[in-house]
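J.: Got a structure for you, written out below as structure tokens; questions coming shortly.
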Amino acid sequence: MAMSLVEPAAPVVEEELPAGLVEAGVYPSERAASEHGLVVLAMGRPYWTVATGSGQRLLIEAEVAVPAKEQLLKFDRENLNWPPPAFVEQITYPTDVITPLLWAAVVLGIFHLQGARPGWSAAGALDAVGIFGRGEWWRLGTALWLHGDGAHVVSNALSGVLLFTAVVKTFGRAAGWGLIALAAVFANLLVAALAFPVAYRSLGASTAIFAGVGLLTGRSLRVLSRAEHPHRNRAILVALASGVSVLALYGAGGGAARVDLGAHVAGFVVGVGVGFAAARSCG
């Protein structure tokens with residue numbers, strides 16, 4: 001007759017609870033039990049943890065058992081999916097600095113030629129009366145390449161290289177430049193339409209630059225709106241506030257008289273809409 005060499009395990013005998021205490025729950029670790037014990041402490045009552053064969057027992061006073069267990073259930077529900085997943089989205093587009101640098105070189109070259117050809121500014125600047133009164137629709141695009149003075153063009157060239165690199169990195173080279181052009185032209189159309197029939201003239205690439213800020217902001221809003229996150233609305237507000245802050249800090253021009261605040265705001269607003277729509281179509 002075969003005999004088993006394995007002795008049956010002795011049953012685990014749970015210790016009797018001290019008088020006046022009840023078990024609120026059993027948790028897999030001391031840390032988990034202590035985290036739940038903090039809920040009891042927040043009620044102004046003590047707790048105890050006891051290690052047993054089945055886990056860490058959380059003991060509380062019997063007189064607060066009912067309200068304490070209700071609070072523990074609420075704590076478990078609120079932390080069901082905690083910590084939440086991070087807002088992470090893979091960007092597969094390579095960093096492209098070449099095309100933004102080429103853009104800046106063209107802008108600087110055109111400004112150099114403007115000195116010898118002053119008629120370019122008159123013929124290519126954004127002109128509300130020229131567009132809607134005389135049908136000179138090319139001004140919506142040509143105005144983005146012309147500048148009024150050296151400080152204006154250098155500032156826009158430096159800002160554009162940094163900003164457009166981020167846009168191209170985010171949307172891809174072809175899509176990024178296409179969206180910048182689309183948002184900037186529509187922003188020029190918007191600001192000219194709002195000004196007409198009053199005489200309004202403007203030139204400069206800053207409309208495109210703030211359209212780029214809007215594109216990045218709009219895409220962020222779209223990505224966050226699709227995220228399953230308990231603090232999604234807060235994150236959306238932060239993203240929008242960040243874009244508006246950039247507009248306020250750099251778009252107002254410190255109160256300078258020649259700064260076209262309307263064009264900057266139009267570029268940002270149109271960019272937000274285009275960026276949101278572009279991110280939606282890609283998703």
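The chains in the structure tokens are called A, B, ... from first to last as shown; in each chain the residues are counted from 1, and the ligands are counted from 1 in the order shown.
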What's around range 35-51 of chain A at 12 Å? Count only C-alpha atoms, leave out sequence neighbours fewer than 3 positions away in its own chain, and write the answer as number ranges by chain.
T.: A: 14-18, 20-32, 54-76, 79
J.: Please identify all polymer residues within 10 Å of range 135-143 of chain A, counting only C-alpha atoms, omitting same-chain residues fewer than 5 positions from it, and present them as a PyMOL selection string.
T.: chain A and resi 120-130+181-182+184-190+192+201-205+207
J.: Distance CA of Phe164 in chain A-CA of Thr95 in chain A, one decimal place?
T.: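 Separation between CA of Phe164 in chain A and CA of Thr95 in chain A: 10.7 Å.
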J.: May I ask which of the residues A:Pro118, A:Pro197, A:Gly160, A:Gly176 is the closest one to Gly148 in chain A, counting only C-alpha atoms?
T.: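 Nearest to Gly148 in chain A: A:Pro118.
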J.: Between CA of Phe210 in chain A and CA of Ser159 in chain A, measure the distance and give it in Å to one decimal.
T.: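 CA of Ser159 in chain A lies at a distance of 9.8 Å from CA of Phe210 in chain A.
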J.: If you measure from CA of Gly178 in chain A to CA of Ala266 in chain A, what distance in Å do you get, rounded to one decimal?
T.: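 CA of Ala266 in chain A lies at a distance of 17.7 Å from CA of Gly178 in chain A.
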